[in-house]
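Below is one structure, written out as structure tokens, with a few remarks after it.
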Amino acid sequence: MNNMIVSVNPHVYAKDTTQTIMRDVLIALFPAVIASILFFGVRALLVEVVCVAVAVACEWAFEKITNRPVTILDLSAAVTGLLLALNLPASIPLWQAMFGSFVAIIVVKQFFGGIGQNFANPAITARVIMLVAFSGAMTNWVPAAFSNAPVDAVTAATPLAVIAGGEGELPSLLQMFLGARGGSMGETSCLALLIGGAYLIYRRVISWHTPVAFIGTVLVCTALLGQQPLYQVMAGGLFLGAFFMATDYTTSPPTPAGKLIFGLGCGLITVLIRVWGNYPEGVSFSILLMNILNPYICEWTKTKPFGGVKA
């Protein structure tokens, strides 16, 4: 016992690093990337490459200018750039995609201290800002390959827009599941996103609590409201948001109870916006709002230290 070393917490060692976690997220996003290219062509790949390249370059440049340690090798900037790209339409002008990556990395991430310090998910926040600043381009949906849209169509309404407007033809449930429909590049293929989400859960990068609570809340609430629950679950960015952005370590609760509350809140806000709001989609807004409430959820659900007493 004379050689026992006492040190500050944490005392639990894990072999995972930021780099290995972000690498797993990139691997999990790979099916969605393939699906985006399949349904929206090489333009989708170009937008993804531009967003990732600008995100990494912005992080490197900012950290060099401010004399901070360069962290681009932890792959977090690459993940942010790719997530932003997958939330954009394939027709987005490249300069607007570059602007989005700049906002995500510089304004939302680095201005608040870098990884682990941002109050909201950078990709989600950048998408919301772009939706306000470039509403026309951000809702200019090109038809996906193998969809019901006419071959010469310039734009295609998303299933959520069809449901909200009550006009137009909805894709089949199989097309919804596979991804042959209008929408952002990475949100259309539920199959690809489920594969990626299952991989993250298998690798224990994320837990099931937030995705199940998020998706389940939307399913139950829209069923009770008579709003075509199967289409509501598979439409929009629900799967992409539930598996890849609502589970962000920095901006979501660490405890199982907190994760369930977070997912429930995201689901309720999404349904409120979709059913009664001016926008047909509410996933991005719901995650951003719950990011703001995250400190309170963490406080409400924090665990008591073993042997501790209430202050």
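Chain lettering (A, B, ...) mirrors the order of the structure tokens, residue numbering begins at 1 for each chain separately, and ligand numbering begins at 1 in order of display.
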### Query
Residues at most 6 Å from A:Thr158, counting only C-alpha atoms, excluding those fewer than 2 positions away in the same chain, as a PyMOL selection string?
chain A and resi 160-161+182-183
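Residues in contact with A:Thr18 at 7 Å, where only C-alpha atoms are counted and same-chain residues fewer than 3 positions away are skipped, are listed as Ile21, Met22 and Asp74 of chain A.
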### Selection: 12 Å around stretch 50-63 of chain A, only C-alpha atoms, excl. self and same-chain fewer than 2 positions, as a PyMOL selection string
chain A and resi 26+43-48+65-88+92-111+113-115+122-123+126
Quick one: write out the picked residues with C-alpha atoms as a PDB file, in the first residue's frame?
ATOM      1  CA  LEU A  26     -17.467   9.342 -40.401  1.00  0.00           C
ATOM      2  CA  ARG A  43     -23.038  17.415 -57.408  1.00  0.00           C
ATOM      3  CA  ALA A  44     -23.762  15.930 -53.985  1.00  0.00           C
ATOM      4  CA  LEU A  45     -20.183  14.699 -53.651  1.00  0.00           C
ATOM      5  CA  LEU A  46     -18.874  18.116 -54.697  1.00  0.00           C
ATOM      6  CA  VAL A  47     -20.904  19.893 -51.990  1.00  0.00           C
ATOM      7  CA  GLU A  48     -19.719  17.379 -49.380  1.00  0.00           C
ATOM      8  CA  ILE A  65      -3.964  32.777 -35.982  1.00  0.00           C
ATOM      9  CA  THR A  66      -4.927  32.540 -32.294  1.00  0.00           C
ATOM     10  CA  ASN A  67      -1.885  30.410 -31.370  1.00  0.00           C
ATOM     11  CA  ARG A  68      -4.027  27.530 -30.190  1.00  0.00           C
ATOM     12  CA  PRO A  69      -3.055  23.884 -30.644  1.00  0.00           C
ATOM     13  CA  VAL A  70      -4.147  22.687 -34.097  1.00  0.00           C
ATOM     14  CA  THR A  71      -6.861  20.047 -33.666  1.00  0.00           C
ATOM     15  CA  ILE A  72      -7.804  19.144 -37.233  1.00  0.00           C
ATOM     16  CA  LEU A  73      -6.413  15.629 -36.784  1.00  0.00           C
ATOM     17  CA  ASP A  74      -9.120  14.825 -34.229  1.00  0.00           C
ATOM     18  CA  LEU A  75     -11.515  14.780 -37.225  1.00  0.00           C
ATOM     19  CA  SER A  76     -14.219  16.816 -35.443  1.00  0.00           C
ATOM     20  CA  ALA A  77     -14.081  19.572 -38.077  1.00  0.00           C
ATOM     21  CA  ALA A  78     -14.452  16.991 -40.843  1.00  0.00           C
ATOM     22  CA  VAL A  79     -17.507  15.531 -39.111  1.00  0.00           C
ATOM     23  CA  THR A  80     -19.062  18.990 -38.748  1.00  0.00           C
ATOM     24  CA  GLY A  81     -18.461  19.798 -42.412  1.00  0.00           C
ATOM     25  CA  LEU A  82     -19.921  16.494 -43.588  1.00  0.00           C
ATOM     26  CA  LEU A  83     -22.980  16.759 -41.331  1.00  0.00           C
ATOM     27  CA  LEU A  84     -23.649  20.261 -42.616  1.00  0.00           C
ATOM     28  CA  ALA A  85     -23.335  19.089 -46.222  1.00  0.00           C
ATOM     29  CA  LEU A  86     -25.780  16.241 -45.655  1.00  0.00           C
ATOM     30  CA  ASN A  87     -28.285  18.804 -44.341  1.00  0.00           C
ATOM     31  CA  LEU A  88     -28.124  20.855 -47.545  1.00  0.00           C
ATOM     32  CA  ILE A  92     -27.000  24.746 -53.012  1.00  0.00           C
ATOM     33  CA  PRO A  93     -24.526  27.281 -54.463  1.00  0.00           C
ATOM     34  CA  LEU A  94     -21.009  26.356 -53.409  1.00  0.00           C
ATOM     35  CA  TRP A  95     -20.275  29.771 -51.921  1.00  0.00           C
ATOM     36  CA  GLN A  96     -23.265  29.379 -49.613  1.00  0.00           C
ATOM     37  CA  ALA A  97     -22.040  25.933 -48.563  1.00  0.00           C
ATOM     38  CA  MET A  98     -18.649  27.498 -47.798  1.00  0.00           C
ATOM     39  CA  PHE A  99     -20.355  30.207 -45.747  1.00  0.00           C
ATOM     40  CA  GLY A 100     -22.175  27.531 -43.756  1.00  0.00           C
ATOM     41  CA  SER A 101     -18.946  25.710 -42.926  1.00  0.00           C
ATOM     42  CA  PHE A 102     -17.353  29.008 -41.859  1.00  0.00           C
ATOM     43  CA  VAL A 103     -20.258  29.773 -39.515  1.00  0.00           C
ATOM     44  CA  ALA A 104     -20.240  26.258 -38.057  1.00  0.00           C
ATOM     45  CA  ILE A 105     -16.521  26.181 -37.290  1.00  0.00           C
ATOM     46  CA  ILE A 106     -15.592  29.790 -36.568  1.00  0.00           C
ATOM     47  CA  VAL A 107     -18.745  31.340 -35.115  1.00  0.00           C
ATOM     48  CA  VAL A 108     -20.364  28.396 -33.324  1.00  0.00           C
ATOM     49  CA  LYS A 109     -17.348  26.281 -32.402  1.00  0.00           C
ATOM     50  CA  GLN A 110     -14.121  28.292 -32.175  1.00  0.00           C
ATOM     51  CA  PHE A 111     -15.566  31.571 -30.852  1.00  0.00           C
ATOM     52  CA  GLY A 113     -13.500  27.914 -27.164  1.00  0.00           C
ATOM     53  CA  GLY A 114     -13.320  24.966 -29.555  1.00  0.00           C
ATOM     54  CA  ILE A 115     -14.447  21.386 -29.234  1.00  0.00           C
ATOM     55  CA  PRO A 122     -22.335  23.621 -35.019  1.00  0.00           C
ATOM     56  CA  ALA A 123     -23.831  21.899 -38.059  1.00  0.00           C
ATOM     57  CA  ALA A 126     -25.202  26.756 -39.321  1.00  0.00           C
TER      58      ALA A 126
END
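Comparing the minimum interatomic distances between A:Leu272 and each of A:Cys221, A:Thr247, A:Met290, A:Pro229, counting only C-alpha atoms, we find that A:Cys221 sits nearest.
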### All residues 7 Å or closer to A:Val218, only C-alpha atoms, same chain fewer than 4 positions away omitted, as a PyMOL selection string
chain A and resi 214+222+233+267-268+271
Got time to write the residues from that selection, N, CA and C atoms, as a tab-separated table (two decimals), in the first residue's frame?
chain	number	residue	atom	x	y	z
A	214	PHE	N	-36.63	10.32	-29.47
A	214	PHE	CA	-36.90	11.32	-30.50
A	214	PHE	C	-37.85	10.75	-31.56
A	222	THR	N	-47.73	12.07	-33.90
A	222	THR	CA	-48.36	12.25	-35.21
A	222	THR	C	-49.46	11.22	-35.45
A	233	VAL	N	-42.30	9.98	-39.78
A	233	VAL	CA	-41.07	9.43	-39.22
A	233	VAL	C	-39.97	9.35	-40.27
A	267	GLY	N	-38.60	15.57	-29.99
A	267	GLY	CA	-39.75	15.03	-30.71
A	267	GLY	C	-40.98	15.91	-30.61
A	268	LEU	N	-41.26	16.41	-29.40
A	268	LEU	CA	-42.44	17.26	-29.21
A	268	LEU	C	-42.33	18.55	-30.00
A	271	VAL	N	-42.83	17.94	-33.75
A	271	VAL	CA	-44.24	17.75	-34.11
A	271	VAL	C	-44.99	19.08	-34.07
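Comparing A:Gly196, A:Gly236, A:Gly277, A:Gly226 by their smallest distance to A:Ile34, the closest is A:Gly196 (using only C-alpha atoms).
Rounded to one decimal, atom CA of A:Ser36 and atom CA of A:Met185 lie 5.1 Å from each other.
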### Message
Env of A:Pro253: 8 Å cut, atoms = only C-alpha atoms, seq-sep filter 6 positions within chain, self excluded. Answer as a list of chain:residue names.
### Response
A:Lys259, A:Phe262, A:Asn294, A:Pro295, A:Ile297, A:Cys298
### Task
Could you check how far atom CA of A:Leu173 sits from atom CA of A:Trp141, in Å to one decimal?
19.3 Å
